[in-house]
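Source file: coords-v8.txt. Holds: compact mmCIF, C-alpha atoms.
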# COMPACT_ATOMS: atom_id res chain seq x y z
CA MET A 1 3.03 36.45 -9.37
CA SER A 2 4.01 36.53 -5.71
CA ASP A 3 6.94 34.69 -4.16
CA THR A 4 5.08 34.13 -0.91
CA PRO A 5 3.86 30.59 -0.24
CA PRO A 6 0.11 29.99 -0.07
CA GLU A 7 -1.51 30.23 3.32
CA PRO A 8 -2.16 26.86 5.00
CA PRO A 9 -5.78 25.91 5.67
CA ALA A 10 -7.26 27.56 8.74
CA ASP A 11 -7.38 24.27 10.63
CA PHE A 12 -3.76 23.33 9.80
CA ASP A 13 -2.62 23.75 13.43
CA GLU A 14 -5.45 21.53 14.60
CA MET A 15 -4.53 18.86 12.02
CA THR A 16 -0.90 19.01 13.16
CA ARG A 17 -1.94 18.50 16.77
CA ASP A 18 -4.14 15.56 15.79
CA ILE A 19 -1.32 13.90 13.83
CA ALA A 20 1.11 14.51 16.68
CA GLU A 21 -1.09 12.44 18.99
CA VAL A 22 -1.14 9.37 16.72
CA PRO A 23 1.51 6.70 17.44
CA ALA A 24 3.86 5.91 14.54
CA VAL A 25 2.69 2.28 14.41
CA GLU A 26 -0.85 3.46 13.82
CA VAL A 27 0.25 5.74 10.98
CA ILE A 28 2.25 2.92 9.35
CA VAL A 29 -0.65 0.45 9.64
CA THR A 30 -3.12 3.02 8.28
CA VAL A 31 -0.92 3.74 5.26
CA ALA A 32 -0.48 -0.01 4.67
CA VAL A 33 -4.23 -0.62 4.80
CA ASN A 34 -4.82 2.26 2.37
CA LEU A 35 -2.25 0.79 -0.04
CA MET A 36 -3.88 -2.64 0.28
CA SER A 37 -7.35 -1.24 -0.39
CA ALA A 38 -6.19 0.74 -3.41
CA ALA A 39 -4.36 -2.31 -4.80
CA ALA A 40 -7.46 -4.46 -4.36
CA VAL A 41 -9.51 -1.94 -6.34
CA LYS A 42 -6.88 -1.80 -9.10
CA LEU A 43 -6.85 -5.61 -9.23
CA GLY A 44 -10.61 -5.65 -9.79
CA LEU A 45 -11.31 -7.37 -6.47
CA THR A 46 -14.17 -5.09 -5.42
CA GLU A 47 -17.88 -5.25 -6.17
CA GLU A 48 -17.29 -3.07 -9.23
CA GLY A 49 -14.99 -5.79 -10.60
CA ASP A 50 -13.15 -4.78 -13.75
CA LYS A 51 -14.50 -1.22 -13.78
CA TYR A 52 -11.35 0.14 -12.09
CA LYS A 53 -8.98 -2.69 -12.95
CA ASP A 54 -5.50 -1.43 -13.87
CA LEU A 55 -2.67 -3.93 -13.36
CA ASP A 56 0.06 -1.34 -13.95
CA GLU A 57 -1.32 0.75 -11.09
CA ALA A 58 -1.83 -2.35 -8.94
CA ARG A 59 1.81 -3.34 -9.46
CA LYS A 60 2.98 0.05 -8.17
CA LEU A 61 0.74 -0.09 -5.12
CA ILE A 62 1.74 -3.65 -4.22
CA HIS A 63 5.42 -2.81 -4.64
CA ALA A 64 5.02 0.26 -2.39
CA LEU A 65 3.20 -1.82 0.22
CA ALA A 66 5.95 -4.46 0.20
CA GLY A 67 8.60 -1.76 0.60
CA LEU A 68 6.72 -0.16 3.49
CA LEU A 69 6.31 -3.49 5.27
CA ASP A 70 9.93 -4.45 4.66
CA GLY A 71 11.19 -1.09 5.89
CA SER A 72 8.99 -1.03 8.97
CA ALA A 73 9.28 -4.71 9.96
CA THR A 74 11.45 -3.98 12.98
CA GLU A 75 9.32 -1.00 13.99
CA ILE A 76 5.91 -2.65 14.21
CA SER A 77 5.08 -5.71 16.25
CA SER A 78 4.22 -9.12 14.84
CA PHE A 79 0.68 -8.43 16.04
CA HIS A 80 0.44 -5.69 13.38
CA ALA A 81 2.87 -7.08 10.80
CA ALA A 82 1.50 -10.62 10.40
CA PRO A 83 -1.94 -9.72 9.01
CA LEU A 84 -0.38 -7.06 6.76
CA ARG A 85 2.09 -9.60 5.35
CA ASP A 86 -0.79 -12.04 4.78
CA GLY A 87 -2.73 -9.34 2.94
CA LEU A 88 0.33 -8.49 0.85
CA LYS A 89 0.78 -12.12 -0.16
CA SER A 90 -2.90 -12.37 -1.12
CA LEU A 91 -2.55 -9.29 -3.31
CA GLN A 92 0.61 -10.67 -4.91
CA LEU A 93 -1.17 -13.95 -5.69
CA ALA A 94 -4.20 -12.10 -7.06
CA PHE A 95 -1.90 -10.06 -9.27
CA ARG A 96 -0.27 -13.22 -10.59
CA GLU A 97 -3.71 -14.71 -11.34
CA ALA A 98 -4.94 -11.54 -13.06
CA SER A 99 -1.88 -11.21 -15.30
CA LEU A 100 -2.20 -12.58 -18.81
CA VAL A 101 1.54 -13.28 -18.80
CA PRO A 102 2.57 -13.87 -15.17
CA ASP A 103 5.93 -12.59 -13.98
CA GLU A 104 8.68 -15.10 -13.31
CA PRO A 105 8.83 -16.09 -9.61
CA GLY A 106 10.71 -13.37 -7.76
CA GLN A 107 9.91 -10.73 -10.42
CA GLY A 108 6.32 -9.93 -9.42
CA PRO A 109 5.29 -6.77 -7.59
CA GLY A 110 6.97 -6.50 -4.21
CA GLU A 111 8.84 -9.77 -4.59
CA LYS A 112 12.07 -7.80 -4.45
CA TYR A 113 11.23 -7.41 -0.74
CA THR A 114 9.30 -10.61 0.02
CA GLY A 115 11.04 -13.14 -2.16
CA PRO A 116 9.17 -15.30 -4.69
CA VAL A 117 5.48 -15.83 -4.02
CA TYR A 118 3.98 -19.16 -5.04
CA GLY A 119 0.31 -20.18 -5.03
Write-out of the structure in structure tokens:
Amino acid sequence: MSDTPPEPPADFDEMTRDIAEVPAVEVIVTVAVNLMSAAAVKLGLTEEGDKYKDLDEARKLIHALAGLLDGSATEISSFHAAPLRDGLKSLQLAFREASLVPDEPGQGPGEKYTGPVYG
């Protein structure tokens, strides 16, 4: 076995240049939207319904989204943050509805960052 690291893909330099041109706010928003989409799938909120439903996975994704939004609140404008916070709250409420035994207020996914979420 060799101690040399694997060679990066041939277009690695091009990918680096592309990423370098993207503003940080756009990267943060893109990651947040990806987390929201994945959480919605894991909550069974897509056309496939329960096919991919996994509340344990949804909890992790919602918690990560809340942490990202909390940590980046001062870095992104209200223009970007407001709809993301609304989406987060919708996911938190959907999680509460989908749970057979709902978490106590303040103990649900991401509520460490957002505070208790009530319907």
What gap, in Å, lies between atom CA of A:Leu91 and atom CA of A:Ala24?
-> 24.3 Å
Any idea what's packed within 12 Å of stretch 33-49 of chain A, counting all atoms listed in the file, ignoring anything in its chain fewer than 5 positions away? Could you give it as an MDAnalysis selection string?
-> chainID A and resid 26:28 54:69 80:81 83:99 109
Between atom CA of A:Glu21 and atom CA of A:Ser77 - distance in Å to one decimal =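 Result for atom CA of A:Ser77 versus atom CA of A:Glu21: 19.4 Å, one decimal.
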Near A:Val25, within 10 Å and counting only C-alpha atoms, which residues show up once chain neighbours fewer than 5 positions away are dropped, as a list of chain:residue names?
->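 Neighbouring residues, sequence-local ones excluded: A:Thr30, A:Val31, A:Ser72, A:Glu75, A:Ile76, A:Ser77, A:His80.
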Gap from atom CA of A:Asp70 to atom CA of A:Val117 - Å, one decimal | 15.0 Å
Write out as JSON an axis-aligned box for stretch 98-115 of chain A: all of its atoms listed in the file, 4 Å added on each side, centre and edge lengths in Å with one decimal.
{"center_x": 3.6, "center_y": -11.3, "center_z": -9.4, "size_x": 25.0, "size_y": 17.6, "size_z": 26.8}
